[in-house]
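The data block below is query-v6.csv; it holds CSV, C-alpha atoms and all ligand atoms.
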chain,number,residue,atom,x,y,z
A,1,MET,CA,23.0,12.9,-15.9
A,2,PRO,CA,20.8,13.8,-13.0
A,3,ARG,CA,19.3,10.7,-11.4
A,4,ALA,CA,15.8,11.9,-12.0
A,5,GLU,CA,16.2,11.9,-15.8
A,6,VAL,CA,17.0,8.2,-16.0
A,7,TRP,CA,14.2,7.0,-13.8
A,8,LYS,CA,11.6,5.3,-16.0
A,9,LYS,CA,7.9,5.5,-15.7
A,10,GLY,CA,6.4,2.0,-15.4
A,11,THR,CA,3.5,0.1,-14.0
A,12,ARG,CA,3.2,-2.8,-11.7
A,13,SER,CA,0.3,-5.3,-11.6
A,14,TYR,CA,-0.8,-7.4,-8.7
A,15,GLU,CA,-3.8,-9.3,-7.5
A,16,ARG,CA,-6.0,-7.9,-4.9
A,17,VAL,CA,-8.8,-9.7,-3.2
A,18,LYS,CA,-11.6,-7.4,-2.1
A,19,GLN,CA,-14.8,-8.6,-0.6
A,20,GLY,CA,-14.0,-12.1,-1.8
A,21,VAL,CA,-13.5,-11.0,-5.5
A,22,LYS,CA,-10.1,-11.3,-7.1
A,23,ARG,CA,-9.0,-8.4,-9.3
A,24,GLU,CA,-5.9,-7.5,-11.1
A,25,VAL,CA,-4.8,-4.0,-10.2
A,26,THR,CA,-2.2,-2.0,-12.1
A,27,VAL,CA,-0.5,1.0,-10.4
A,28,PRO,CA,1.8,3.5,-12.1
A,29,LEU,CA,5.3,3.9,-10.5
A,30,TYR,CA,8.8,4.8,-11.3
A,31,VAL,CA,11.4,2.1,-11.9
A,32,SER,CA,15.0,2.6,-10.7
A,33,PRO,CA,17.6,2.9,-13.4
A,34,TYR,CA,19.7,0.5,-11.3
A,35,ALA,CA,17.1,-2.2,-11.2
A,36,HIS,CA,18.3,-5.4,-12.8
A,37,ASN,CA,14.7,-6.5,-13.2
A,38,ARG,CA,11.4,-4.8,-13.1
A,39,ASN,CA,10.6,-6.0,-9.7
A,40,CYS,CA,13.3,-3.9,-8.2
A,41,ILE,CA,11.2,-1.0,-7.4
A,42,THR,CA,12.0,1.7,-5.0
A,43,PHE,CA,9.7,3.3,-2.5
A,44,HIS,CA,6.5,1.8,-1.2
A,45,VAL,CA,3.6,2.1,-3.4
A,46,SER,CA,2.0,5.1,-1.6
A,47,ILE,CA,4.9,7.3,-2.7
A,48,CYS,CA,6.5,5.4,-5.6
A,49,LYS,CA,3.8,6.8,-7.8
A,50,GLN,CA,5.8,10.1,-7.8
A,51,ARG,CA,9.1,10.8,-9.3
A,52,PRO,CA,11.7,10.6,-6.5
A,53,GLN,CA,13.0,14.1,-6.9
A,54,THR,CA,9.5,15.5,-6.2
A,55,LEU,CA,9.6,14.1,-2.7
A,56,ALA,CA,12.1,16.7,-1.5
A,57,THR,CA,10.0,19.5,-2.8
A,58,LYS,CA,7.1,18.0,-1.0
A,59,GLY,CA,9.0,18.2,2.3
A,60,VAL,CA,9.4,14.5,2.7
A,61,THR,CA,12.7,14.0,4.6
A,62,GLY,CA,14.5,10.7,4.0
A,63,ILE,CA,16.6,9.5,6.9
A,64,ILE,CA,17.9,6.4,5.2
A,65,THR,CA,18.7,6.4,1.5
A,66,CYS,CA,20.2,3.4,-0.3
A,67,GLU,CA,21.1,3.9,-3.9
A,68,ALA,CA,22.3,1.1,-6.1
A,69,LEU,CA,23.6,-0.7,-3.0
A,70,SER,CA,25.5,-3.9,-3.6
A,71,MET,CA,27.2,-6.2,-1.2
A,72,ARG,CA,29.4,-9.2,-2.0
A,73,TYR,CA,31.3,-10.8,0.9
A,74,SER,CA,33.9,-12.3,-1.4
A,75,GLU,CA,34.8,-12.6,-5.1
A,76,HIS,CA,34.1,-16.3,-4.9
A,77,THR,CA,30.5,-16.0,-3.7
A,78,SER,CA,27.5,-14.4,-5.4
A,79,PRO,CA,26.4,-10.9,-4.3
A,80,VAL,CA,24.0,-10.8,-1.4
A,81,LEU,CA,22.5,-7.4,-2.4
A,82,GLN,CA,22.4,-6.1,-6.0
A,83,GLY,CA,21.6,-2.6,-6.8
A,84,LEU,CA,19.2,-2.3,-3.9
A,85,GLU,CA,17.2,0.9,-3.6
A,86,LEU,CA,15.4,2.1,-0.5
A,87,GLN,CA,14.2,5.4,1.0
A,88,VAL,CA,13.0,5.5,4.6
A,89,ASN,CA,11.4,8.6,6.0
A,90,ARG,CA,12.0,10.0,9.5
A,91,GLY,CA,9.7,8.2,12.0
A,92,GLU,CA,8.8,5.5,9.6
A,93,PHE,CA,8.6,1.8,10.7
A,94,VAL,CA,9.9,-0.4,7.9
A,95,ALA,CA,9.8,-4.2,7.9
A,96,ILE,CA,12.0,-6.3,5.7
A,97,LEU,CA,10.8,-9.8,5.0
A,98,GLY,CA,12.8,-12.5,3.4
A,99,ARG,CA,13.7,-16.2,3.6
A,100,SER,CA,16.8,-17.2,5.6
A,101,GLY,CA,20.0,-16.2,3.8
A,102,SER,CA,18.2,-13.6,1.6
A,103,GLY,CA,20.4,-10.8,3.1
A,104,LYS,CA,18.2,-9.1,5.7
A,105,SER,CA,20.9,-9.0,8.4
A,106,THR,CA,23.4,-7.9,5.8
A,107,LEU,CA,21.2,-4.9,4.9
A,108,LEU,CA,20.9,-4.0,8.5
A,109,LYS,CA,24.6,-4.3,9.1
A,110,LEU,CA,25.2,-1.9,6.2
A,111,ILE,CA,22.7,0.6,7.5
A,112,GLY,CA,24.3,0.3,10.9
A,113,ALA,CA,27.8,0.7,9.6
A,114,MET,CA,28.8,-2.7,10.8
A,115,GLU,CA,29.8,-3.8,7.3
A,116,GLN,CA,30.8,-1.7,4.3
A,117,ALA,CA,29.0,-2.0,1.0
A,118,THR,CA,30.9,-3.2,-2.1
A,119,SER,CA,29.3,-0.4,-4.2
A,120,GLY,CA,26.5,2.2,-4.2
A,121,ASN,CA,25.5,5.0,-1.9
A,122,LEU,CA,24.2,4.8,1.6
A,123,ILE,CA,23.2,7.9,3.5
A,124,VAL,CA,21.9,7.5,7.1
A,125,ALA,CA,20.9,10.4,9.4
A,126,GLY,CA,22.8,12.8,7.2
A,127,HIS,CA,26.0,10.7,7.0
A,128,ASN,CA,27.3,9.3,3.8
A,129,LEU,CA,28.6,6.0,5.2
A,130,GLY,CA,31.0,5.4,2.3
A,131,GLU,CA,32.9,8.5,3.3
A,132,LEU,CA,33.4,7.7,7.0
A,133,ASP,CA,36.7,6.3,8.4
A,134,GLU,CA,36.8,3.6,11.0
A,135,THR,CA,36.6,6.1,14.0
A,136,ALA,CA,33.8,8.0,12.5
A,137,ARG,CA,31.9,4.8,11.8
A,138,THR,CA,32.3,3.8,15.5
A,139,LEU,CA,31.0,7.1,16.6
A,140,PHE,CA,28.1,7.0,14.1
A,141,ARG,CA,27.1,3.5,15.5
A,142,ARG,CA,27.2,4.7,19.1
A,143,ARG,CA,25.3,7.9,18.6
A,144,LYS,CA,22.9,7.3,15.7
A,145,ILE,CA,21.9,3.7,15.9
A,146,GLY,CA,20.2,1.5,18.5
A,147,PHE,CA,20.5,-2.2,17.8
A,148,VAL,CA,18.0,-5.0,18.8
A,149,PHE,CA,19.0,-8.6,18.1
A,150,GLN,CA,17.2,-11.9,18.1
A,151,ASN,CA,19.3,-13.2,21.0
A,152,TYR,CA,19.1,-9.9,23.0
A,153,ASN,CA,22.9,-9.5,23.2
A,154,LEU,CA,22.8,-8.1,26.7
A,155,LEU,CA,26.1,-8.1,28.6
A,156,SER,CA,25.7,-11.0,31.0
A,157,SER,CA,28.2,-9.7,33.6
A,158,LEU,CA,26.3,-6.5,34.0
A,159,THR,CA,23.0,-5.9,35.8
A,160,VAL,CA,19.9,-4.7,33.9
A,161,ARG,CA,20.6,-1.1,35.2
A,162,ASP,CA,24.3,-1.3,34.1
A,163,ASN,CA,23.3,-2.6,30.7
A,164,LEU,CA,21.2,0.5,30.3
A,165,ARG,CA,23.9,2.8,31.6
A,166,LEU,CA,26.4,1.6,29.0
A,167,PRO,CA,25.2,3.4,25.8
A,168,LEU,CA,25.1,6.7,27.8
A,169,ALA,CA,28.6,6.1,29.3
A,170,LEU,CA,30.0,5.3,25.8
A,171,ASN,CA,28.5,8.5,24.5
A,172,ARG,CA,30.0,10.3,27.5
A,173,VAL,CA,26.5,11.5,28.7
A,174,PRO,CA,26.0,9.4,31.8
A,175,ASP,CA,22.5,10.1,33.2
A,176,ASP,CA,21.2,7.9,36.0
A,177,SER,CA,17.9,9.7,36.2
A,178,ARG,CA,17.2,8.8,32.5
A,179,VAL,CA,18.2,5.2,33.2
A,180,GLN,CA,15.7,5.2,36.2
A,181,GLN,CA,13.0,6.7,34.1
A,182,GLN,CA,13.6,4.3,31.2
A,183,LEU,CA,13.4,1.4,33.7
A,184,GLU,CA,10.1,2.7,35.0
A,185,THR,CA,8.6,3.4,31.5
A,186,LEU,CA,9.3,-0.2,30.5
A,187,ASN,CA,8.1,-1.6,33.8
A,188,LEU,CA,11.6,-3.0,34.5
A,189,GLY,CA,12.2,-1.2,37.8
A,190,HIS,CA,11.9,-4.4,39.8
A,191,LEU,CA,14.5,-6.2,37.6
A,192,ARG,CA,17.1,-3.4,37.8
A,193,ASP,CA,19.6,-5.4,39.9
A,194,ARG,CA,19.1,-8.7,38.2
A,195,TYR,CA,21.6,-10.2,35.7
A,196,PRO,CA,20.3,-11.0,32.2
A,197,GLY,CA,20.8,-14.8,32.7
A,198,SER,CA,18.1,-14.8,35.4
A,199,LEU,CA,15.5,-13.1,33.1
A,200,SER,CA,12.9,-14.6,30.7
A,201,GLY,CA,13.3,-14.1,27.0
A,202,GLY,CA,10.6,-11.5,26.9
A,203,GLU,CA,12.2,-9.6,29.9
A,204,GLN,CA,15.6,-9.7,28.2
A,205,GLN,CA,14.2,-8.3,25.0
A,206,ARG,CA,12.4,-5.5,26.9
A,207,VAL,CA,15.8,-4.7,28.5
A,208,ALA,CA,17.4,-4.8,25.0
A,209,LEU,CA,14.7,-2.3,23.7
A,210,ALA,CA,15.3,0.0,26.7
A,211,ARG,CA,19.1,-0.2,26.0
A,212,ALA,CA,18.7,0.4,22.2
A,213,LEU,CA,16.6,3.5,22.8
A,214,ILE,CA,18.1,5.1,25.9
A,215,HIS,CA,20.6,7.4,24.0
A,216,ARG,CA,17.7,8.4,21.8
A,217,PRO,CA,19.2,7.3,18.5
A,218,PRO,CA,17.4,8.5,15.3
A,219,VAL,CA,17.5,5.0,13.9
A,220,VAL,CA,16.8,1.6,15.5
A,221,LEU,CA,17.7,-1.6,13.6
A,222,ALA,CA,16.0,-4.7,14.9
A,223,ASP,CA,17.2,-8.0,13.5
A,224,GLU,CA,14.5,-10.7,14.1
A,225,PRO,CA,13.6,-9.1,17.5
A,226,THR,CA,10.8,-11.7,18.1
A,227,GLY,CA,12.6,-14.7,16.6
A,228,ASN,CA,13.1,-16.4,20.0
A,229,LEU,CA,9.8,-15.4,21.6
A,230,ASP,CA,6.4,-17.0,21.7
A,231,ARG,CA,3.4,-15.4,20.0
A,232,SER,CA,2.0,-13.3,22.9
A,233,THR,CA,5.4,-12.2,24.1
A,234,SER,CA,6.3,-11.2,20.5
A,235,GLU,CA,3.2,-9.1,20.3
A,236,GLU,CA,4.0,-7.4,23.6
A,237,VAL,CA,7.6,-6.6,22.5
A,238,LEU,CA,6.5,-5.3,19.1
A,239,THR,CA,3.7,-3.1,20.7
A,240,LEU,CA,6.3,-1.8,23.1
A,241,LEU,CA,8.8,-1.0,20.4
A,242,GLN,CA,6.1,0.8,18.4
A,243,SER,CA,5.0,2.9,21.3
A,244,LEU,CA,8.6,3.8,22.3
A,245,ILE,CA,9.6,4.9,18.8
A,246,ARG,CA,6.4,6.9,18.2
A,247,ALA,CA,7.1,8.8,21.4
A,248,HIS,CA,10.5,10.1,20.0
A,249,GLY,CA,9.9,10.0,16.2
A,250,THR,CA,12.5,7.2,15.9
A,251,THR,CA,12.9,5.4,12.6
A,252,VAL,CA,12.9,1.6,12.7
A,253,VAL,CA,14.1,-1.0,10.2
A,254,MET,CA,13.1,-4.4,11.3
A,255,ALA,CA,14.2,-7.7,9.6
A,256,THR,CA,11.9,-10.5,10.2
A,257,HIS,CA,10.7,-13.7,8.5
A,258,SER,CA,7.3,-13.4,10.2
A,259,GLN,CA,4.5,-11.9,8.1
A,260,GLU,CA,2.6,-11.4,11.4
A,261,ALA,CA,5.4,-9.4,13.0
A,262,ALA,CA,5.8,-7.3,9.8
A,263,ARG,CA,2.2,-6.2,10.0
A,264,ILE,CA,3.0,-3.7,12.7
A,265,ALA,CA,5.2,-1.7,10.2
A,266,ASP,CA,4.2,1.3,8.1
A,267,SER,CA,5.8,-0.2,5.0
A,268,ILE,CA,6.8,-3.8,4.2
A,269,TYR,CA,9.4,-4.9,1.7
A,270,ALA,CA,10.5,-8.4,0.7
A,271,LEU,CA,14.1,-9.0,0.0
A,272,ASP,CA,14.4,-11.1,-3.0
A,273,GLU,CA,17.5,-11.8,-5.3
A,274,GLY,CA,19.3,-8.9,-3.6
A,275,CYS,CA,16.5,-6.3,-4.2
A,276,LEU,CA,13.6,-5.0,-2.3
A,277,VAL,CA,10.1,-5.5,-3.5
A,278,ALA,CA,7.3,-3.4,-2.0
A,279,GLN,CA,4.5,-5.5,-0.4
A,280,HIS,CA,0.9,-4.5,-0.2
A,281,GLN,CA,-0.5,-4.5,3.3
B,301,LIG,N1,30.4,-12.2,7.3
B,301,LIG,C1,30.0,-13.0,6.2
B,301,LIG,N2,30.9,-13.5,5.4
B,301,LIG,C2,30.6,-14.2,4.3
B,301,LIG,N3,29.3,-14.4,4.0
B,301,LIG,C3,28.3,-13.9,4.8
B,301,LIG,C4,28.6,-13.2,6.0
B,301,LIG,N4,27.5,-12.8,6.5
B,301,LIG,C5,26.5,-13.3,5.8
B,301,LIG,N5,27.0,-14.0,4.7
B,301,LIG,C6,26.2,-14.7,3.7
B,301,LIG,O1,25.3,-13.7,3.1
B,301,LIG,C7,24.1,-14.3,2.8
B,301,LIG,C8,23.0,-13.5,3.5
B,301,LIG,O2,23.1,-13.7,4.9
B,301,LIG,P1,22.2,-12.8,5.9
B,301,LIG,O3,22.4,-11.4,5.6
B,301,LIG,O4,22.6,-13.3,7.3
B,301,LIG,O5,20.8,-13.3,5.6
B,301,LIG,P2,19.4,-13.3,6.4
B,301,LIG,O6,19.6,-12.4,7.6
B,301,LIG,O7,18.3,-12.9,5.5
B,301,LIG,O8,19.3,-14.7,6.9
B,301,LIG,C9,24.1,-15.8,3.2
B,301,LIG,O9,24.4,-16.5,2.1
B,301,LIG,C10,25.3,-15.8,4.2
B,301,LIG,O10,26.0,-17.0,4.2
B,302,MG,MG,19.5,-12.7,9.6

How does the structure come out when it is put into structure tokens?
Ligand SMILES: Nc1ncnc2c1ncn2[C@@H]1O[C@H](COP(=O)(O)OP(=O)(O)O)[C@@H](O)[C@H]1O
Ligand SMILES: [Mg+2]
Amino acid sequence: MPRAEVWKKGTRSYERVKQGVKREVTVPLYVSPYAHNRNCITFHVSICKQRPQTLATKGVTGIITCEALSMRYSEHTSPVLQGLELQVNRGEFVAILGRSGSGKSTLLKLIGAMEQATSGNLIVAGHNLGELDETARTLFRRRKIGFVFQNYNLLSSLTVRDNLRLPLALNRVPDDSRVQQQLETLNLGHLRDRYPGSLSGGEQQRVALARALIHRPPVVLADEPTGNLDRSTSEEVLTLLQSLIRAHGTTVVMATHSQEAARIADSIYALDEGCLVAQHQ
């Protein structure tokens, strides 16, 4: 049966406070056939009012599609993700909120082909990840994904400049003028010969952003990118990330436990009981 036919029309109610007055608002939306409870809605509210199949005809291009995605690390533990549905459009900045252990990193690892889903479909930048062998997965990660981590993950034995050279070298497109340009764009030129260990957290994360984006991947996955930074440095790093991705139309999925950090995103979801719930901004 075509997927569209089993999507059910439903409604969702939530409380909205407007000018100090609390009101219950009900919005129509479509509920996934894979949802194990009615909270497991797909798509953020601005587009979930339409049937999913109409999105394609309206020219909306999804770059990440998760369908009925489930992940269980072992038979002896409960599933971390259960029938998760998500559609991310090209150039969209998505934030995933959730308590520690809710599965945020797991979801990013699946999208970045660092782990394999137990079941379901996952299509990223035109690749059906379930169909790729190990070599293809490695190439996919190198070419299509930029990773940003909470603890920066820079190579400590390489200078800032060599950390930036690495993704281009691995993709066999060395380009020192691009490295130089990237250093200048991120105001890192004066740090180019320094080693990560001699940099502040904010500087290391700026280098990590530069490295994640230097090979111009279509998708950047940021896992708690501001988790180790103070408030003003977090703001600086997020604003920088936002301006860098806007310049190239890059799509970002950012996991965070910070409501404040999530506010910068175009769409916000909460990961709860293995499913995503759209949040109202
Ligand atoms: N490699 C792994 N092997 C087994 N269990 C794991 C592994 N990675 C994560 N988990 C478990 O999956 C759950 C979700 O973890 P994680 O995705 O890291 O959550 P979050 O990033 O939201 O804190 C946790 O219970 C964690 O212990
Ligand atoms: Mg995590």

Let me make sure I understand: among A:Ser100, A:Gln82, A:Thr77, A:Ser200, which one has the smallest atom-to-atom distance to ligand MG 302 (chain B) if we use all atoms listed in the file?
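Distance minimum relative to ligand MG 302 (chain B) lands on A:Ser100.
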
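Coordinates place CA of Arg72 (chain A) at a distance of 9.1 Å from CA of Ser119 (chain A).
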
What residues have any atom no more than 8 Å from ligand MG 302 (chain B) when counting all atoms listed in the file, and can you list them as a list in words?
Ser100, Gly101, Gly103, Lys104, Ser105, Thr106, Asp223, Glu224, Ala255 and Thr256 of chain A

Can you tell me which residues sit at most 12 Å away from ligand LIG 301 (chain B), counting only C-alpha atoms and all ligand atoms, written as a PDB file with C-alpha atoms, in the frame of the given file?
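Produced file out_10.pdb, reproduced below:
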ATOM      1  CA  SER A  70      25.500  -3.900  -3.600  1.00  0.00           C
ATOM      2  CA  MET A  71      27.200  -6.200  -1.200  1.00  0.00           C
ATOM      3  CA  ARG A  72      29.400  -9.200  -2.000  1.00  0.00           C
ATOM      4  CA  TYR A  73      31.300 -10.800   0.900  1.00  0.00           C
ATOM      5  CA  SER A  74      33.900 -12.300  -1.400  1.00  0.00           C
ATOM      6  CA  GLU A  75      34.800 -12.600  -5.100  1.00  0.00           C
ATOM      7  CA  HIS A  76      34.100 -16.300  -4.900  1.00  0.00           C
ATOM      8  CA  THR A  77      30.500 -16.000  -3.700  1.00  0.00           C
ATOM      9  CA  SER A  78      27.500 -14.400  -5.400  1.00  0.00           C
ATOM     10  CA  PRO A  79      26.400 -10.900  -4.300  1.00  0.00           C
ATOM     11  CA  VAL A  80      24.000 -10.800  -1.400  1.00  0.00           C
ATOM     12  CA  LEU A  81      22.500  -7.400  -2.400  1.00  0.00           C
ATOM     13  CA  ILE A  96      12.000  -6.300   5.700  1.00  0.00           C
ATOM     14  CA  LEU A  97      10.800  -9.800   5.000  1.00  0.00           C
ATOM     15  CA  GLY A  98      12.800 -12.500   3.400  1.00  0.00           C
ATOM     16  CA  ARG A  99      13.700 -16.200   3.600  1.00  0.00           C
ATOM     17  CA  SER A 100      16.800 -17.200   5.600  1.00  0.00           C
ATOM     18  CA  GLY A 101      20.000 -16.200   3.800  1.00  0.00           C
ATOM     19  CA  SER A 102      18.200 -13.600   1.600  1.00  0.00           C
ATOM     20  CA  GLY A 103      20.400 -10.800   3.100  1.00  0.00           C
ATOM     21  CA  LYS A 104      18.200  -9.100   5.700  1.00  0.00           C
ATOM     22  CA  SER A 105      20.900  -9.000   8.400  1.00  0.00           C
ATOM     23  CA  THR A 106      23.400  -7.900   5.800  1.00  0.00           C
ATOM     24  CA  LEU A 107      21.200  -4.900   4.900  1.00  0.00           C
ATOM     25  CA  LEU A 108      20.900  -4.000   8.500  1.00  0.00           C
ATOM     26  CA  LYS A 109      24.600  -4.300   9.100  1.00  0.00           C
ATOM     27  CA  LEU A 110      25.200  -1.900   6.200  1.00  0.00           C
ATOM     28  CA  MET A 114      28.800  -2.700  10.800  1.00  0.00           C
ATOM     29  CA  GLU A 115      29.800  -3.800   7.300  1.00  0.00           C
ATOM     30  CA  GLN A 116      30.800  -1.700   4.300  1.00  0.00           C
ATOM     31  CA  PHE A 149      19.000  -8.600  18.100  1.00  0.00           C
ATOM     32  CA  GLN A 150      17.200 -11.900  18.100  1.00  0.00           C
ATOM     33  CA  ALA A 222      16.000  -4.700  14.900  1.00  0.00           C
ATOM     34  CA  ASP A 223      17.200  -8.000  13.500  1.00  0.00           C
ATOM     35  CA  GLU A 224      14.500 -10.700  14.100  1.00  0.00           C
ATOM     36  CA  GLY A 227      12.600 -14.700  16.600  1.00  0.00           C
ATOM     37  CA  MET A 254      13.100  -4.400  11.300  1.00  0.00           C
ATOM     38  CA  ALA A 255      14.200  -7.700   9.600  1.00  0.00           C
ATOM     39  CA  THR A 256      11.900 -10.500  10.200  1.00  0.00           C
ATOM     40  CA  HIS A 257      10.700 -13.700   8.500  1.00  0.00           C
ATOM     41  CA  SER A 258       7.300 -13.400  10.200  1.00  0.00           C
ATOM     42  CA  ALA A 270      10.500  -8.400   0.700  1.00  0.00           C
ATOM     43  CA  LEU A 271      14.100  -9.000   0.000  1.00  0.00           C
ATOM     44  CA  ASP A 272      14.400 -11.100  -3.000  1.00  0.00           C
ATOM     45  CA  GLU A 273      17.500 -11.800  -5.300  1.00  0.00           C
ATOM     46  CA  GLY A 274      19.300  -8.900  -3.600  1.00  0.00           C
ATOM     47  CA  CYS A 275      16.500  -6.300  -4.200  1.00  0.00           C
TER      48      CYS A 275
END

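Distance-wise, CA of Val219 (chain A) and CA of Pro196 (chain A) end up 24.5 Å apart.
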
Go through A:Asn171, A:Asn121, A:Ser234, A:Gln181 and flag the residue nearest Leu139 (chain A), using all atoms listed in the file for the distances.
A:Asn171
